[in-house]
$ cat entry_32.txt   # compact mmCIF, C-alpha atoms
# COMPACT_ATOMS: atom_id res chain seq x y z
CA MET Q 4 106.14 92.02 75.43
CA ASN Q 5 107.64 91.05 78.76
CA LYS Q 6 105.05 90.67 81.49
CA VAL Q 7 105.46 92.02 85.03
CA SER Q 8 103.28 90.21 87.56
CA VAL Q 9 102.30 92.45 90.47
CA GLY Q 10 101.38 91.70 94.06
CA LEU Q 11 99.50 94.49 95.86
CA VAL Q 12 99.71 94.69 99.65
CA GLY Q 13 96.66 96.48 101.00
CA PHE Q 14 93.46 97.58 99.29
CA GLY Q 15 92.40 100.68 101.15
CA LEU Q 16 92.19 104.12 99.56
CA SER Q 17 95.78 104.02 98.35
CA GLY Q 18 95.70 100.57 96.78
CA GLN Q 19 92.20 100.86 95.35
CA VAL Q 20 92.33 104.43 93.99
CA PHE Q 21 95.95 105.43 93.42
CA HIS Q 22 97.64 102.18 92.43
CA ALA Q 23 95.31 99.54 90.98
CA PRO Q 24 93.70 101.70 88.25
CA ILE Q 25 97.06 103.09 87.11
CA ILE Q 26 98.69 99.66 87.01
CA GLN Q 27 95.74 98.29 85.03
CA SER Q 28 96.36 100.95 82.39
CA ILE Q 29 99.98 99.89 81.81
CA ASP Q 30 100.61 97.39 79.00
CA GLY Q 31 102.66 94.52 80.33
CA MET Q 32 101.69 94.87 84.02
CA ASP Q 33 99.11 92.67 85.67
CA ILE Q 34 97.91 92.55 89.30
CA VAL Q 35 97.73 88.84 90.04
CA LYS Q 36 97.50 88.78 93.83
CA VAL Q 37 96.29 91.12 96.59
CA VAL Q 38 96.84 90.96 100.34
CA SER Q 39 93.55 92.10 101.87
CA SER Q 40 91.10 91.30 104.64
CA ASN Q 41 88.21 92.25 102.33
CA PRO Q 42 88.14 89.81 99.38
CA GLU Q 43 84.65 90.92 98.32
CA LYS Q 44 85.85 94.49 97.82
CA VAL Q 45 88.90 93.37 95.85
CA ALA Q 46 86.75 91.15 93.64
CA ARG Q 47 84.59 94.12 92.62
CA TYR Q 48 87.59 95.98 91.23
CA LEU Q 49 90.05 93.19 90.38
CA PRO Q 50 87.98 90.10 89.58
CA ASN Q 51 90.94 88.19 88.13
CA ALA Q 52 93.28 88.72 91.09
CA ALA Q 53 93.67 86.13 93.83
CA VAL Q 54 93.20 87.45 97.38
CA VAL Q 55 95.41 86.19 100.21
CA ASP Q 56 95.42 87.06 103.90
CA SER Q 57 99.14 87.50 104.50
CA LEU Q 58 102.33 88.80 102.93
CA ASP Q 59 103.90 85.36 103.44
CA ASN Q 60 101.28 83.82 101.16
CA MET Q 61 102.04 86.38 98.49
CA LEU Q 62 105.81 86.09 98.67
CA SER Q 63 105.66 82.32 98.30
CA ASP Q 64 104.38 82.87 94.75
CA GLU Q 65 107.49 82.74 92.56
CA SER Q 66 105.64 84.22 89.58
CA ILE Q 67 105.28 87.63 91.24
CA ASP Q 68 107.93 90.09 90.08
CA LEU Q 69 106.90 93.31 91.82
CA VAL Q 70 105.40 93.86 95.28
CA ILE Q 71 103.68 97.16 96.03
CA ILE Q 72 103.28 98.17 99.67
CA THR Q 73 100.17 100.32 100.30
CA SER Q 74 99.47 99.28 103.90
CA PRO Q 75 99.78 101.71 106.89
CA ASN Q 76 103.07 103.58 107.22
CA GLN Q 77 104.43 101.64 110.19
CA THR Q 78 104.30 98.41 108.13
CA HIS Q 79 106.27 99.80 105.19
CA TYR Q 80 109.75 98.97 106.46
CA PRO Q 81 109.18 95.37 107.63
CA PHE Q 82 107.01 94.48 104.64
CA ALA Q 83 109.39 96.02 102.09
CA LYS Q 84 112.41 94.33 103.64
CA GLN Q 85 110.65 90.97 103.68
CA ALA Q 86 109.70 91.36 100.02
CA LEU Q 87 113.23 92.36 98.97
CA LEU Q 88 114.73 89.40 100.83
CA ALA Q 89 112.21 87.18 99.02
CA GLY Q 90 113.71 88.36 95.72
CA LYS Q 91 110.98 90.78 94.65
CA HIS Q 92 111.24 94.26 93.21
CA VAL Q 93 109.43 96.71 95.53
CA VAL Q 94 107.43 99.92 95.33
CA VAL Q 95 106.57 101.55 98.65
CA GLU Q 96 103.75 104.08 99.01
CA LYS Q 97 104.95 107.48 100.18
CA PRO Q 98 106.31 108.70 102.56
CA PHE Q 99 108.50 105.54 102.26
CA VAL Q 100 109.32 104.58 105.87
CA ILE Q 101 109.29 106.18 109.33
CA SER Q 102 112.99 106.94 109.77
CA SER Q 103 116.02 107.65 107.61
CA GLU Q 104 117.77 104.68 109.24
CA GLU Q 105 115.04 102.36 107.95
CA ALA Q 106 115.35 103.97 104.52
CA THR Q 107 119.11 103.36 104.44
CA ASP Q 108 118.64 99.73 105.42
CA LEU Q 109 116.11 99.13 102.63
CA ILE Q 110 118.37 100.81 100.06
CA GLU Q 111 121.29 98.62 101.12
CA THR Q 112 119.09 95.50 101.10
CA ALA Q 113 117.82 96.27 97.58
CA ASN Q 114 121.39 96.76 96.35
CA LYS Q 115 122.52 93.47 97.89
CA GLN Q 116 119.54 91.64 96.39
CA ASN Q 117 120.01 93.40 93.03
CA LYS Q 118 116.36 94.41 93.06
CA LYS Q 119 114.60 97.63 92.12
CA LEU Q 120 113.25 99.80 94.95
CA SER Q 121 111.15 102.90 94.38
CA VAL Q 122 108.69 105.12 96.26
CA TYR Q 123 105.31 106.18 94.90
CA GLN Q 124 105.65 109.96 94.76
CA ASN Q 125 102.93 110.29 92.15
CA ARG Q 126 102.55 114.04 92.65
CA ARG Q 127 105.73 114.65 90.69
CA TRP Q 128 103.30 114.15 87.80
CA ASP Q 129 100.59 116.56 88.99
CA ASN Q 130 99.65 118.92 86.19
CA ASP Q 131 100.38 122.05 88.25
CA PHE Q 132 103.76 120.82 89.45
CA LEU Q 133 104.79 119.82 85.92
CA THR Q 134 103.94 123.36 84.80
CA VAL Q 135 105.98 124.93 87.61
CA LYS Q 136 108.88 122.58 86.91
CA SER Q 137 108.86 123.50 83.22
CA LEU Q 138 108.77 127.24 83.93
CA ILE Q 139 111.68 127.00 86.35
CA ALA Q 140 113.73 124.81 84.01
CA SER Q 141 113.14 127.17 81.08
CA GLY Q 142 114.60 130.12 82.98
CA THR Q 143 111.46 132.18 82.30
CA LEU Q 144 111.34 133.38 85.91
CA GLY Q 145 115.07 134.02 86.13
CA ASP Q 146 116.87 133.13 89.36
CA ILE Q 147 114.29 131.77 91.79
CA ALA Q 148 114.06 133.83 94.99
CA SER Q 149 111.13 132.11 96.70
CA TYR Q 150 108.96 129.06 96.13
CA GLU Q 151 105.82 128.55 98.19
CA THR Q 152 103.29 125.76 97.93
CA HIS Q 153 100.22 124.93 100.00
CA TYR Q 154 98.23 121.72 100.41
CA ASP Q 155 95.38 122.92 102.59
CA ARG Q 156 92.12 121.26 103.55
CA TYR Q 157 88.98 122.03 105.47
CA ARG Q 158 88.43 118.98 107.66
CA PRO Q 159 87.31 120.25 111.07
CA GLN Q 160 86.33 116.82 112.35
CA VAL Q 161 88.96 114.28 113.36
CA SER Q 162 88.39 110.98 111.54
CA ASP Q 163 88.68 107.48 112.97
CA ARG Q 164 91.49 106.28 110.71
CA TRP Q 165 95.10 105.34 111.31
CA ARG Q 166 96.49 108.51 109.71
CA GLU Q 167 94.79 110.57 112.44
CA GLN Q 168 95.62 108.31 115.38
CA ALA Q 169 98.72 108.85 117.49
CA GLY Q 170 101.60 106.64 116.44
CA PRO Q 171 104.73 106.47 114.30
CA GLY Q 172 104.20 107.79 110.78
CA SER Q 173 100.79 109.35 111.43
CA GLY Q 174 99.79 112.94 110.83
CA MET Q 175 99.87 115.35 107.92
CA LEU Q 176 103.63 115.86 107.83
CA TYR Q 177 104.14 112.23 106.82
CA ASP Q 178 101.07 112.37 104.57
CA LEU Q 179 100.67 115.60 102.60
CA GLY Q 180 104.03 116.90 103.78
CA ALA Q 181 105.87 114.06 102.09
CA HIS Q 182 104.45 115.18 98.73
CA LEU Q 183 105.40 118.82 99.15
CA ILE Q 184 108.89 118.02 100.45
CA ASP Q 185 109.56 115.58 97.61
CA GLN Q 186 108.48 118.15 95.00
CA ALA Q 187 110.75 120.81 96.52
CA LEU Q 188 113.78 118.51 96.75
CA HIS Q 189 113.14 117.29 93.21
CA LEU Q 190 113.36 120.88 91.98
CA PHE Q 191 116.09 122.30 94.19
CA GLY Q 192 118.01 119.47 95.85
CA LYS Q 193 118.93 119.23 99.53
CA PRO Q 194 118.42 122.39 101.61
CA ALA Q 195 121.04 123.98 103.80
CA SER Q 196 118.69 123.98 106.79
CA VAL Q 197 115.14 123.19 107.92
CA TYR Q 198 112.85 125.24 110.15
CA ALA Q 199 109.36 124.04 111.07
CA ASP Q 200 106.28 124.93 113.08
CA LEU Q 201 104.07 121.90 113.71
CA PHE Q 202 101.05 121.40 115.93
CA ALA Q 203 97.68 119.71 116.36
CA GLN Q 204 95.32 122.41 115.08
CA ARG Q 205 91.91 120.80 115.47
CA LYS Q 206 90.10 120.11 118.70
CA GLY Q 207 90.69 116.49 119.70
CA SER Q 208 93.50 115.91 117.21
CA GLU Q 209 96.19 113.48 118.35
CA VAL Q 210 98.57 114.16 115.47
CA VAL Q 211 100.20 117.01 113.57
CA ASP Q 212 97.50 118.46 111.31
CA TYR Q 213 99.19 121.80 110.60
CA PHE Q 214 102.71 122.38 109.36
CA HIS Q 215 104.76 125.31 108.11
CA LEU Q 216 108.24 124.46 106.84
CA VAL Q 217 110.96 126.78 105.64
CA LEU Q 218 113.80 125.16 103.69
CA THR Q 219 116.77 127.47 103.27
CA TYR Q 220 119.02 127.59 100.23
CA GLU Q 221 121.84 130.04 99.55
CA ASN Q 222 119.81 132.69 97.73
CA MET Q 223 116.33 131.22 97.99
CA ARG Q 224 113.67 130.16 100.46
CA VAL Q 225 111.15 127.35 100.08
CA ILE Q 226 107.92 127.48 102.10
CA LEU Q 227 105.77 124.36 102.45
CA HIS Q 228 102.47 124.75 104.25
CA SER Q 229 99.36 122.78 105.15
CA GLY Q 230 96.42 123.43 107.45
CA SER Q 231 93.26 121.49 108.27
CA LEU Q 232 90.96 124.48 108.84
CA VAL Q 233 91.25 126.30 105.53
CA MET Q 234 87.80 126.78 104.05
CA GLN Q 235 88.83 129.33 101.41
CA HIS Q 236 92.00 128.22 99.65
CA GLY Q 237 94.69 130.61 98.50
CA PRO Q 238 97.24 129.93 95.75
CA ARG Q 239 98.54 126.39 95.37
CA PHE Q 240 101.89 127.67 94.06
CA GLN Q 241 103.65 131.03 94.29
CA VAL Q 242 107.03 131.17 92.59
CA HIS Q 243 108.97 134.42 92.40
CA GLY Q 244 112.20 135.01 90.50
CA SER Q 245 114.46 137.78 89.28
CA GLN Q 246 112.48 138.08 86.03
CA GLY Q 247 108.91 137.39 87.08
CA SER Q 248 106.30 135.60 89.15
CA PHE Q 249 103.97 132.64 88.66
CA ILE Q 250 100.79 132.19 90.70
CA LYS Q 251 98.65 129.06 90.40
CA TYR Q 252 95.33 128.14 92.04
CA GLY Q 253 93.48 124.84 92.05
CA LEU Q 254 94.44 121.20 92.47
CA ASP Q 255 95.46 118.56 89.95
CA SER Q 256 92.42 116.68 88.61
CA GLN Q 257 93.76 113.10 88.57
CA GLU Q 258 92.83 112.16 92.14
CA GLU Q 259 89.23 113.27 91.64
CA MET Q 260 89.05 111.39 88.33
CA LEU Q 261 90.45 108.21 89.89
CA ARG Q 262 87.93 108.40 92.73
CA LYS Q 263 85.16 108.55 90.12
CA GLY Q 264 86.50 105.59 88.18
CA GLY Q 265 88.51 107.49 85.58
CA LEU Q 266 91.61 106.05 83.93
CA PRO Q 267 94.62 107.31 81.98
CA GLY Q 268 93.85 107.68 78.30
CA GLN Q 269 90.46 109.28 78.77
CA PRO Q 270 90.04 112.58 76.87
CA ASP Q 271 90.27 114.86 79.93
CA TRP Q 272 92.79 112.79 81.89
CA GLY Q 273 95.19 115.04 83.80
CA LYS Q 274 93.86 118.24 82.24
CA ASP Q 275 93.24 121.43 84.22
CA ARG Q 276 90.26 123.74 84.32
CA GLU Q 277 90.90 126.78 82.17
CA GLU Q 278 89.92 129.10 85.03
CA TRP Q 279 92.73 127.53 87.09
CA TYR Q 280 95.47 128.22 84.56
CA GLY Q 281 98.32 130.00 86.32
CA GLU Q 282 99.23 133.63 85.86
CA LEU Q 283 102.73 134.55 84.70
CA THR Q 284 103.84 138.13 85.30
CA LEU Q 285 106.97 139.40 83.55
CA MET Q 286 108.53 142.83 83.13
CA THR Q 287 108.35 143.97 79.48
CA ASP Q 288 109.78 147.36 78.50
CA GLY Q 289 109.59 148.52 82.07
CA LYS Q 290 105.98 147.40 82.51
CA ALA Q 291 104.63 144.36 84.34
CA GLU Q 292 102.47 142.27 82.02
CA THR Q 293 100.44 139.25 83.10
CA SER Q 294 99.38 136.34 80.90
CA LYS Q 295 97.75 132.96 81.43
CA VAL Q 296 99.85 129.80 81.16
CA GLU Q 297 98.07 126.65 80.01
CA THR Q 298 98.62 123.90 82.54
CA GLU Q 299 100.56 120.86 81.37
CA GLN Q 300 98.74 117.54 81.36
CA GLY Q 301 99.10 115.44 84.49
CA SER Q 302 100.33 111.89 84.06
CA TYR Q 303 100.44 109.57 87.08
CA GLU Q 304 100.82 106.65 84.70
CA ARG Q 305 104.40 107.73 83.99
CA PHE Q 306 105.43 106.31 87.36
CA TYR Q 307 104.40 102.75 86.52
CA GLU Q 308 105.57 103.08 82.94
CA GLY Q 309 108.95 103.88 84.48
CA MET Q 310 108.77 100.92 86.86
CA TYR Q 311 107.95 98.60 83.97
CA GLN Q 312 111.01 99.82 82.07
CA ALA Q 313 113.17 99.59 85.17
CA ILE Q 314 112.25 95.94 85.70
CA THR Q 315 112.22 94.75 82.09
CA ASP Q 316 115.00 96.89 80.62
CA ASN Q 317 117.12 97.79 83.67
CA LYS Q 318 116.29 101.49 83.37
CA PRO Q 319 116.47 103.81 86.42
CA VAL Q 320 113.42 103.71 88.68
CA PRO Q 321 111.07 106.70 88.34
CA VAL Q 322 111.67 107.84 91.94
CA GLU Q 323 114.98 106.95 93.54
CA ALA Q 324 114.81 105.55 97.07
CA GLU Q 325 117.66 107.89 97.98
CA ASP Q 326 115.38 110.84 97.12
CA ALA Q 327 112.71 109.43 99.43
CA ARG Q 328 115.28 109.02 102.20
CA ASN Q 329 116.06 112.74 101.91
CA THR Q 330 112.36 113.48 102.28
CA ILE Q 331 112.22 111.40 105.46
CA ARG Q 332 115.28 113.22 106.76
CA VAL Q 333 113.54 116.58 106.24
CA ILE Q 334 110.53 115.24 108.18
CA GLU Q 335 112.79 114.14 111.03
CA LEU Q 336 114.51 117.53 111.13
CA ALA Q 337 111.15 119.32 110.95
CA MET Q 338 109.89 117.48 114.02
CA GLN Q 339 113.10 118.27 115.91
CA SER Q 340 113.06 121.88 114.73
CA SER Q 341 109.49 122.42 115.91
CA ALA Q 342 110.22 120.88 119.31
CA GLU Q 343 113.41 122.93 119.80
CA LYS Q 344 112.08 126.08 118.07
CA ARG Q 345 115.19 126.57 115.94
CA ALA Q 346 116.46 125.95 112.43
CA LEU Q 347 118.58 122.83 111.96
CA PRO Q 348 121.21 122.11 109.32
CA PHE Q 349 120.37 119.37 106.84
CA VAL Q 350 122.72 116.52 107.77

$ encode --input "entry_32.txt" --output "structure tokens"
Amino acid sequence: MNKVSVGLVGFGLSGQVFHAPIIQSIDGMDIVKVVSSNPEKVARYLPNAAVVDSLDNMLSDESIDLVIITSPNQTHYPFAKQALLAGKHVVVEKPFVISSEEATDLIETANKQNKKLSVYQNRRWDNDFLTVKSLIASGTLGDIASYETHYDRYRPQVSDRWREQAGPGSGMLYDLGAHLIDQALHLFGKPASVYADLFAQRKGSEVVDYFHLVLTYENMRVILHSGSLVMQHGPRFQVHGSQGSFIKYGLDSQEEMLRKGGLPGQPDWGKDREEWYGELTLMTDGKAETSKVETEQGSYERFYEGMYQAITDNKPVPVEAEDARNTIRVIELAMQSSAEKRALPFV
């Protein structure tokens, strides 16, 4: 088996919880070096990985094939470009970069260097989203009229972390919003227009911590919503079509399992609680009938399985950088739309 040697940039929540455990579960991939200011922490989780204090030290290692950028958002563009120019394949943590111009430059650089570039949109493999995707693809709901998804939280206190400090790439639109936008574009493609309402909802907040986006399509509307003061959560997904509706509560289990030390391959990996199975309502003989739909199994590992195949067998990357650029463009238009209080065409 061909081996892919991995360099991990950053070992905060993203690197420690969402990347390292998944990579460790993939045959043929090995984290050999980590850029971190906390070598003791890295050693507890990755005892065989060398820890260096700079990206330069990592990139000088010719044995490293793939560099994964999990550092704060404003570092994504310069770090990814430096890694591509050093001849490495690159994965960038979502949302990718700050601007669509930066995204275009990285895509062009990767093409010139003949290197793979992908963005870690792991929530394409959430169990609830996979179920929604399957239902839509099967035609069970008919022509989709509206698609609404929420990623709400109850976090009344502002935290002292970079995501909640004023600056480029901070705030929930770049964080949770990037997931919801990517899922919607993955299902339906580019919208005709974007309308958004954004604001700092919590007392003392310096960043957007509430968003409500409406993406318009010819015969359909997509609503993407997140708030920071939602103690009692409503449905995660509401999808309505010409033949029926699907309503789904709850949140994919993989993040919680990873935080507790779980790994792909465990018996309950990616599985949903039975009480959270979605409800499908269809018209049968003139009568609306509702049934439970078993949630598909979540599978974050499919991202890095895809990256392994992309690097070793020249397969397509699991998430195209062009898709991530479209997500960034929606974020840019959302910010402009909210400031100008009008819908803007997607261009």

$ closest_atom_pairs --input "entry_32.txt" --of "segment 175-204 of chain Q" --to "segment 145-168 of chain Q" --cutoff "12 Å" --atoms "only C-alpha atoms" --output "CSV"
residue,atom,partner,partner_atom,distance
Q:Met175,CA,Q:Arg166,CA,7.8
Q:Leu176,CA,Q:Arg166,CA,10.4
Q:Tyr177,CA,Q:Arg166,CA,9.0
Q:Asp178,CA,Q:Arg166,CA,7.9
Q:Leu179,CA,Q:Tyr154,CA,6.9
Q:Gly180,CA,Q:Tyr154,CA,8.3
Q:Ala181,CA,Q:Tyr154,CA,10.9
Q:His182,CA,Q:Tyr154,CA,9.2
Q:Leu183,CA,Q:Thr152,CA,7.4
Q:Ile184,CA,Q:Thr152,CA,9.9
Q:Asp185,CA,Q:Thr152,CA,12.0
Q:Gln186,CA,Q:Thr152,CA,9.7
Q:Ala187,CA,Q:Tyr150,CA,8.5
Q:Leu188,CA,Q:Tyr150,CA,11.6
Q:Leu190,CA,Q:Tyr150,CA,10.2
Q:Phe191,CA,Q:Ile147,CA,9.9
Q:Ala203,CA,Q:Glu167,CA,10.4
Q:Gln204,CA,Q:Pro159,CA,9.2

$ residues_near_point --input "entry_32.txt" --point "(99.4, 87.8, 96.2)" --cutoff "10 Å" --atoms "only C-alpha atoms" --output "list in words"
Ser8, Val9, Gly10, Leu11, Val12, Ile34, Val35, Lys36, Val37, Val38, Ser39, Ala52, Ala53, Val54, Val55, Asp56, Ser57, Leu58, Asp59, Asn60, Met61, Leu62, Ser63, Asp64, Ser66, Ile67 and Val70 of chain Q

$ residues_around --input "entry_32.txt" --residues "Val95 of chain Q" --least-positions-apart "6" --cutoff "6 Å" --atoms "all atoms listed in the file" --output "list in words"
Ile71, Ile72 and Val122 of chain Q

$ atom_distance --input "entry_32.txt" --atom1 "atom CA of Leu283 of chain Q" --atom2 "atom CA of Val225 of chain Q"
19.0 Å

$ closest_atom_pairs --input "entry_32.txt" --of "segment 125-195 of chain Q" --to "segment 211-221 of chain Q" --cutoff "6 Å" --atoms "only C-alpha atoms" --output "tab-separated table"
residue	atom	partner	partner_atom	distance
Q:Gly174	CA	Q:Val211	CA	4.9
Q:Met175	CA	Q:Asp212	CA	5.2
Q:Pro194	CA	Q:Tyr220	CA	5.4
Q:Ala195	CA	Q:Tyr220	CA	5.5

$ atom_distance --input "entry_32.txt" --atom1 "atom CA of Gly273 of chain Q" --atom2 "atom CA of Arg305 of chain Q"
11.8 Å

$ residues_around --input "entry_32.txt" --residues "segment 314-330 of chain Q" --least-positions-apart "3" --cutoff "7 Å" --atoms "all atoms listed in the file" --output "MDAnalysis selection string"
chainID Q and resid 5 99 103 106 110 120:122 124 181 184:185 306 309:311 333:334

$ write_last_selection --input "entry_32.txt" --atoms "C-alpha atoms" --output "compact mmCIF listing (two decimals), in the coordinates of the input"
# COMPACT_ATOMS: atom_id res chain seq x y z
CA ASN Q 5 107.64 91.05 78.76
CA PHE Q 99 108.50 105.54 102.26
CA SER Q 103 116.02 107.65 107.61
CA ALA Q 106 115.35 103.97 104.52
CA ILE Q 110 118.37 100.81 100.06
CA LEU Q 120 113.25 99.80 94.95
CA SER Q 121 111.15 102.90 94.38
CA VAL Q 122 108.69 105.12 96.26
CA GLN Q 124 105.65 109.96 94.76
CA ALA Q 181 105.87 114.06 102.09
CA ILE Q 184 108.89 118.02 100.45
CA ASP Q 185 109.56 115.58 97.61
CA PHE Q 306 105.43 106.31 87.36
CA GLY Q 309 108.95 103.88 84.48
CA MET Q 310 108.77 100.92 86.86
CA TYR Q 311 107.95 98.60 83.97
CA VAL Q 333 113.54 116.58 106.24
CA ILE Q 334 110.53 115.24 108.18

$ atom_distance --input "entry_32.txt" --atom1 "atom CA of Ala346 of chain Q" --atom2 "atom CA of Arg205 of chain Q"
25.3 Å

$ closest_residue --input "entry_32.txt" --among "Q:Tyr80, Q:Gly13, Q:Gln85, Q:Val197" --to "Gln339 of chain Q" --atoms "all atoms listed in the file"
Q:Val197

$ residues_around --input "entry_32.txt" --residues "Lys44 of chain Q" --least-positions-apart "6" --cutoff "10 Å" --atoms "all atoms listed in the file" --output "number ranges by chain"
Q: 14-15, 19, 50

$ closest_residue --input "entry_32.txt" --among "Q:Ser74, Q:Ser102, Q:Ser341, Q:Gln257" --to "Tyr303 of chain Q" --atoms "only C-alpha atoms"
Q:Gln257

$ residues_around --input "entry_32.txt" --residues "Asn76 of chain Q" --least-positions-apart "5" --cutoff "9 Å" --atoms "all atoms listed in the file" --output "PDB file with C-alpha atoms, in the coordinates of the input"
ATOM      1  CA  GLU Q  96     103.750 104.080  99.010  1.00  0.00           C
ATOM      2  CA  LYS Q  97     104.950 107.480 100.180  1.00  0.00           C
ATOM      3  CA  PRO Q  98     106.310 108.700 102.560  1.00  0.00           C
ATOM      4  CA  PHE Q  99     108.500 105.540 102.260  1.00  0.00           C
ATOM      5  CA  VAL Q 100     109.320 104.580 105.870  1.00  0.00           C
ATOM      6  CA  ILE Q 101     109.290 106.180 109.330  1.00  0.00           C
ATOM      7  CA  ARG Q 166      96.490 108.510 109.710  1.00  0.00           C
ATOM      8  CA  PRO Q 171     104.730 106.470 114.300  1.00  0.00           C
ATOM      9  CA  GLY Q 172     104.200 107.790 110.780  1.00  0.00           C
ATOM     10  CA  SER Q 173     100.790 109.350 111.430  1.00  0.00           C
ATOM     11  CA  TYR Q 177     104.140 112.230 106.820  1.00  0.00           C
TER      12      TYR Q 177
END

$ closest_residue --input "entry_32.txt" --among "Q:Ser340, Q:Ser231, Q:Gln27, Q:Ser17" --to "Leu201 of chain Q" --atoms "all atoms listed in the file"
Q:Ser340

$ closest_residue --input "entry_32.txt" --among "Q:Ala86, Q:Lys263, Q:Asp33, Q:Pro238" --to "Leu109 of chain Q" --atoms "only C-alpha atoms"
Q:Ala86

$ residues_around --input "entry_32.txt" --residues "segment 284-288 of chain Q" --least-positions-apart "2" --cutoff "8 Å" --atoms "all atoms listed in the file" --output "PyMOL selection string"
chain Q and resi 144+246-249+282+290-294

$ closest_residue --input "entry_32.txt" --among "Q:Ala83, Q:Val242, Q:Leu336, Q:Ala199" --to "Asp108 of chain Q" --atoms "all atoms listed in the file"
Q:Ala83

$ closest_residue --input "entry_32.txt" --among "Q:Asp271, Q:Asp68, Q:Glu209, Q:Asp200" --to "His228 of chain Q" --atoms "all atoms listed in the file"
Q:Asp200

$ decode --input "entry_32.txt" --residues "segment 107-118 of chain Q" --atoms "N, CA, C and O atoms" --output "PDB file, in the first residue's frame"
ATOM      1  N   THR Q 107      -9.592  31.837  -5.566  1.00  0.00           N
ATOM      2  CA  THR Q 107      -9.206  31.705  -6.977  1.00  0.00           C
ATOM      3  C   THR Q 107      -7.700  31.576  -7.116  1.00  0.00           C
ATOM      4  O   THR Q 107      -7.201  30.749  -7.892  1.00  0.00           O
ATOM      5  N   ASP Q 108      -6.967  32.362  -6.344  1.00  0.00           N
ATOM      6  CA  ASP Q 108      -5.505  32.306  -6.434  1.00  0.00           C
ATOM      7  C   ASP Q 108      -4.979  30.943  -5.992  1.00  0.00           C
ATOM      8  O   ASP Q 108      -4.066  30.383  -6.626  1.00  0.00           O
ATOM      9  N   LEU Q 109      -5.547  30.367  -4.934  1.00  0.00           N
ATOM     10  CA  LEU Q 109      -5.097  29.047  -4.484  1.00  0.00           C
ATOM     11  C   LEU Q 109      -5.435  27.970  -5.517  1.00  0.00           C
ATOM     12  O   LEU Q 109      -4.631  27.057  -5.759  1.00  0.00           O
ATOM     13  N   ILE Q 110      -6.608  28.061  -6.118  1.00  0.00           N
ATOM     14  CA  ILE Q 110      -6.993  27.091  -7.147  1.00  0.00           C
ATOM     15  C   ILE Q 110      -6.028  27.157  -8.323  1.00  0.00           C
ATOM     16  O   ILE Q 110      -5.558  26.118  -8.824  1.00  0.00           O
ATOM     17  N   GLU Q 111      -5.703  28.355  -8.750  1.00  0.00           N
ATOM     18  CA  GLU Q 111      -4.760  28.519  -9.870  1.00  0.00           C
ATOM     19  C   GLU Q 111      -3.368  28.037  -9.492  1.00  0.00           C
ATOM     20  O   GLU Q 111      -2.677  27.400 -10.310  1.00  0.00           O
ATOM     21  N   THR Q 112      -2.958  28.304  -8.260  1.00  0.00           N
ATOM     22  CA  THR Q 112      -1.631  27.846  -7.802  1.00  0.00           C
ATOM     23  C   THR Q 112      -1.572  26.327  -7.765  1.00  0.00           C
ATOM     24  O   THR Q 112      -0.581  25.717  -8.209  1.00  0.00           O
ATOM     25  N   ALA Q 113      -2.626  25.682  -7.243  1.00  0.00           N
ATOM     26  CA  ALA Q 113      -2.658  24.220  -7.193  1.00  0.00           C
ATOM     27  C   ALA Q 113      -2.594  23.628  -8.601  1.00  0.00           C
ATOM     28  O   ALA Q 113      -1.894  22.623  -8.830  1.00  0.00           O
ATOM     29  N   ASN Q 114      -3.302  24.221  -9.531  1.00  0.00           N
ATOM     30  CA  ASN Q 114      -3.275  23.722 -10.916  1.00  0.00           C
ATOM     31  C   ASN Q 114      -1.887  23.857 -11.517  1.00  0.00           C
ATOM     32  O   ASN Q 114      -1.405  22.940 -12.203  1.00  0.00           O
ATOM     33  N   LYS Q 115      -1.237  24.990 -11.288  1.00  0.00           N
ATOM     34  CA  LYS Q 115       0.107  25.203 -11.824  1.00  0.00           C
ATOM     35  C   LYS Q 115       1.114  24.232 -11.213  1.00  0.00           C
ATOM     36  O   LYS Q 115       2.035  23.754 -11.887  1.00  0.00           O
ATOM     37  N   GLN Q 116       0.931  23.935  -9.943  1.00  0.00           N
ATOM     38  CA  GLN Q 116       1.847  23.038  -9.230  1.00  0.00           C
ATOM     39  C   GLN Q 116       1.487  21.570  -9.437  1.00  0.00           C
ATOM     40  O   GLN Q 116       2.229  20.687  -9.007  1.00  0.00           O
ATOM     41  N   ASN Q 117       0.325  21.327 -10.070  1.00  0.00           N
ATOM     42  CA  ASN Q 117      -0.175  19.964 -10.272  1.00  0.00           C
ATOM     43  C   ASN Q 117      -0.319  19.237  -8.934  1.00  0.00           C
ATOM     44  O   ASN Q 117       0.084  18.075  -8.783  1.00  0.00           O
ATOM     45  N   LYS Q 118      -0.925  19.939  -7.985  1.00  0.00           N
ATOM     46  CA  LYS Q 118      -1.135  19.379  -6.655  1.00  0.00           C
ATOM     47  C   LYS Q 118      -2.628  19.389  -6.309  1.00  0.00           C
ATOM     48  O   LYS Q 118      -3.395  20.188  -6.813  1.00  0.00           O
TER      49      LYS Q 118
END
